[in-house]
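What follows is a short report on a single structure.
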Amino acid sequence: MGLAVFVGCAFIAFGPAFALFTLTVAVDPLRIIILVAGSFFWLVSVLLGSLVWFVGVQLSDRGNPSLQSGLLVFGAAVSVLLQEAFRFANYKLLKKADQGLASISEDGRSPISLQQMAYVSGLAFGLISGAFSGVNILTDSLGPGIVGIHGDSPHFFITSAFLTMALVLLHTFWGVIFFDACERGKWLAGMGVVVSHLVTSALTFLCPWYETSLVPIYLLTAGTAAWAFSTAGGSVRTLQRCFTCKQKIDDRVVVYSALQAPSED
Amino acid sequence: MRCPITNESNNREARHEGVSVERDSTADSEDEEMSLKYGAKHVIMLFVPVTLCMIVVIATIKSVSFYTEKGGQLIYTPFTEDTTSVGQRLLNSVLNTLIMISVIVVMTIFLVVLYKYRCYKFIHGWLILSSLMLLFWFSFMYLGEVFKTYNVAMDYPTLALVIWNFGAVGMVCIHWKGPLQLQQAYLIMISALMALVFIKYLPEWSAWVILGAISVYDLIAVLCPKGPLRMLVETAQERNEPIFPALIYSSAMIWMVGMTEHSAVQQPSHQETNSDEEVGQSHHDNTEDNRNVVVPETEVHGAQSRTTSAVELEEERGIKLGLGDFIFYSVLVGKASATASGDWNTTLACFVAILIGLCLTLLLLAIFKKALPALPISITFGLVFYFSTDNLVRPFMDNLAAHQFYI
């Protein structure tokens, strides 16, 4: 407990997300707007999911703990499905926005590509999902207390931080894969994302048996990362090129007329 | 406090990645193609100060307990909420709201009348008095509470020096000339201070009802033909004058090469546009112990900018947003963080809701190209998200977090 735990867990949970945000999103205003819009969609989806759960709780017998936990699992599953539905809605909106931006731009091309939008949208879902899951826990870690005094795991904070980080990254990857699947009509990939999300959420239900929850989730994260990377057009070769910093040399001769005079504005 | 949002990006400077901006004087057909008068850059130019203001308010609320303690009520909300029955409490809060809104309406109409009859000196004096109050008295109180919270020992001479410098530079920056970013920082700080005062002195339910009512009023006042703010805008447009700059947040600098005479006269600050900018300002001065003083109220309200007659105009125009909007956004988010048992979830949800509302309002501004109220959409989203997150999402997320389930 205390500042060390807070800072450590905060950076574990949100470090990659904030690095991604600062380096890729914060530089472009349009991406920031897409980020906020994505967060909004996630919020609405969670709102509806909570509504479903709340109605279920109100209608059920409060005194029955197994029913309540069953209802919680059901609520979580509904929430996951709603999140994916709103991811699809986000895709539809961004597609329209893409077309709108292309139509009002000078050269008929949108200033941001759909893949970039997919990445930003995924990051948005990840950030807001991680924030909702993690920030309350982080603020509790600042205060006084003893973790696991009633027999629960004493590793609550650090495992929560790792789970949050995994979730943030997973949402980013799912965003990329899902948008690509919607764009190209690869329904199998889309279903794969939904199933993957359900599996991740189900794995967290095995907490605090962390060997079965944390390790598979990280394996899933790595797998999804590779899938998203190849969806976005990456391959082993591009990785090699990136790490050896080789520049692609363009041998084409530039035709003089293709040069444009600098615009006067 | 109305939100006047004005877009004044009217130039090539406002280009963003291919969304170019055309001059106003183009033909209608070209206007149809270039339907966005500004790009994403201007939205971010407003996101940043709104976010900063909210962060200041939230940080203060979370650390300085003074602003969450009950310390009496404003004279504008005389009915207490410590009643036994829910119905009585609701009635009291509605009555409080009615009184508050009528005060605001009266003040706005008073301001419009003053402006119509060109009583500029009176208005300026009013504004200067309000900013004096905010910059000196409220910041003194704020510093005092911060020192108390962190147990910092401070002597009066040092404090006097600090407050004097802070206030004097603030007055100069806001009412006269100063670096744009310093002026923006001061405006954010006074909005945050005002919001904190509201958060402290408005009773719970009254605050929410007032937020709702003032968005409705904003909508009416800015859009109805006989609305006071709309009349303010139109009067200023007719006279081709900028309105009072002191209580409107401007995101960009204007360098004018060849302005019309009138615009140069009104406000010498160089972030004024020569366009029809109307600013009404709303302002409440409240003392700590319920004895209420003045209430200069002005509303900020902006209008669309027009090109001037001068040909070589170099303009870096930006978006303007009234300080009233900053204040009410921060009140909503501050109240959410102060009273919600969902803690950070509710605050985050309200924050995102307000930003999205602002984004949508700016989009509408780009499409309709006239002065729009910035409060309704954001406050509606904010209120909806506050109540739903606090009552629905919070128990759900708490239950999940307790078992370390993730969705």
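FYI, nothing fancy with the structure tokens labels: chains A, B, ... in order, residues from 1 per chain, ligands from 1 as they appear.
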Could you list, as an NGL selection string, every residue of chain A that has an atom within 8 Å of an atom of chain B, counting only C-alpha atoms?
-> :A and (29-30 or 32-33 or 36-37 or 39-40 or 43 or 46-47 or 50-51 or 53-54 or 72 or 76-77 or 79-80 or 101 or 104-107 or 110-111 or 131-133 or 135-137 or 160 or 201 or 204-205 or 207-208 or 265)
Env of Val222 (chain B): 7 Å cut, atoms = only C-alpha atoms, seq-sep filter 5 positions within chain, self excluded. Answer as a PDB file with C-alpha atoms, in the first residue's frame.
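Writing done, so here's result.pdb:
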ATOM      1  CA  GLY B 227     -33.936  35.948 -26.642  1.00  0.00           C
ATOM      2  CA  LEU B 229     -28.491  36.814 -25.879  1.00  0.00           C
ATOM      3  CA  ARG B 230     -29.550  36.739 -29.467  1.00  0.00           C
ATOM      4  CA  LEU B 372     -25.016  28.423 -30.695  1.00  0.00           C
ATOM      5  CA  PRO B 373     -25.518  27.607 -27.048  1.00  0.00           C
TER       6      PRO B 373
END
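Interatomic distance, CA of Ser330 (chain B) against CA of Ala374 (chain B): 13.4 Å.
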Can you list, as a ChimeraX atom specification, all residues belonging to region 51-233 of chain A that DSSP tags as helix (DSSP H, G or I)?
-> /A:51-59,65-104,114-142,156-184,187-204,210-231
Residue among B:Leu90, B:Ile128, B:Ile104, B:Ala338 lying closest to Ala221 (chain B), counting only C-alpha atoms |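 Residue with the minimum atom-to-atom distance to Ala221 (chain B): B:Ile104.
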For Val194 (chain A), which residue among A:Ala4, A:Val236, A:Leu20, A:Leu81 is the nearest when counting only C-alpha atoms?
->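 Ranking A:Ala4, A:Val236, A:Leu20, A:Leu81 by distance to Val194 (chain A), first place goes to A:Leu81.
The list of residues with at least one atom within 10 Å of Ile99 (chain B), based on only C-alpha atoms and without residues fewer than 4 positions apart in the same chain, reads Ile75, Tyr76, Thr77, Pro78, Phe79, Ser93, Val94, Leu95, Val103, Ile104, Val105 and Ile210 of chain B.
Counting only C-alpha atoms and comparing A:Phe6, A:Thr22, A:Gly223, A:Leu198, the residue that lies closest to Phe74 (chain A) is A:Leu198.
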In Å to one decimal, how far is CA of Phe229 (chain A) from CA of Val176 (chain A)?
->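 So the two atoms, CA of Val176 (chain A) and CA of Phe229 (chain A), lie 8.7 Å apart.
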Do you know which residues are at most 12 Å from Leu93 (chain A) counting only C-alpha atoms, after dropping those on the same chain fewer than 4 positions away, and could you put them as a ChimeraX atom specification?
-> /A:34,37-38,41,86-89,97-100,114,117-118,121,179
